[in-house]
Amino acid sequence: MPEYYILIENRTYKVELVKKEGETLFEAKINDKTVEFKVEKSENSKISPLAINVVGKTYQIELEKIDRHAPFTLKVNDAFFKAKLREAVKRIVTLTPPVQIPTKAERRREVVAKDGAVVAPMAGKIISVKVMKGDTVKAGDVVCILEAMKMENEIIATKAGKIQKINVSEGTPVNDGDILVVIN
């Protein structure tokens with residue numbers, strides 16, 4: 001399922017698309033809300049090359065050429081919006097494989113993993129912390145976002161529990177193996 005992050009008027013939308021039937025029926029999941037829509041031929045191709053029917057209401061869509069790295073204009077009926085595609089966020093799970101003679105960083109990971117620590121999988125900078133002390137999380141929940149090599153990486157909880165300690169904040173530089181969050 002294609003997944004896009006679209007920035008429209010300073011607000012980011014996560015959009016996942018699924019083709020339902022034939023060439024015209026689709027399902028879109030926008031920020032976890034599912035919407036079915038049908039792509040139709042525009043009644044007036046001079047006004048818009050595309051028409052979308054959502055729950056019986058038709059929207060005329062006009063797009064200029066979309067550049068993955070630059071803002072573009074999106075026209076819906078008579079309203080104009082500035083939009084930009086953002087890079088997809090990559091999920092990273094930190095797992096510690098069993099090693100007979102672990103390095104110092106690996107020993108630190110093995111010890112803290114037993115205590116519910118979530119560690120940095122690589123060096124980078126924390127750009128967002130998604131939890132607060134006392135929050136309850138499930139295994140797989142995003143706890144923070146780490147930027148490394150111009151990529152945003154979701155760092156997820158390795159187990160379910162309550163956030164006991166947060167060692168980072170927005171803008172904190174981290175090294176591989178640093179403890180970011182402790183879950184009990």
# chains A, B, ... in the order shown; residues from 1 in each chain; ligands from 1

$ residues_around --residues "Thr158 of chain A" --least-positions-apart "5" --cutoff "7 Å" --atoms "only C-alpha atoms" --output "list of chain:residue names"
A:Val118, A:Ala139, A:Gly140

$ atom_distance --atom1 "atom CA of Asn10 of chain A" --atom2 "atom CA of Lys130 of chain A"
19.0 Å

$ closest_residue --among "A:Lys75, A:Gln164, A:Ser169, A:Asp178" --to "Ala123 of chain A" --atoms "only C-alpha atoms"
A:Asp178

$ atom_distance --atom1 "atom CA of Ile183 of chain A" --atom2 "atom CA of Asp141 of chain A"
11.7 Å
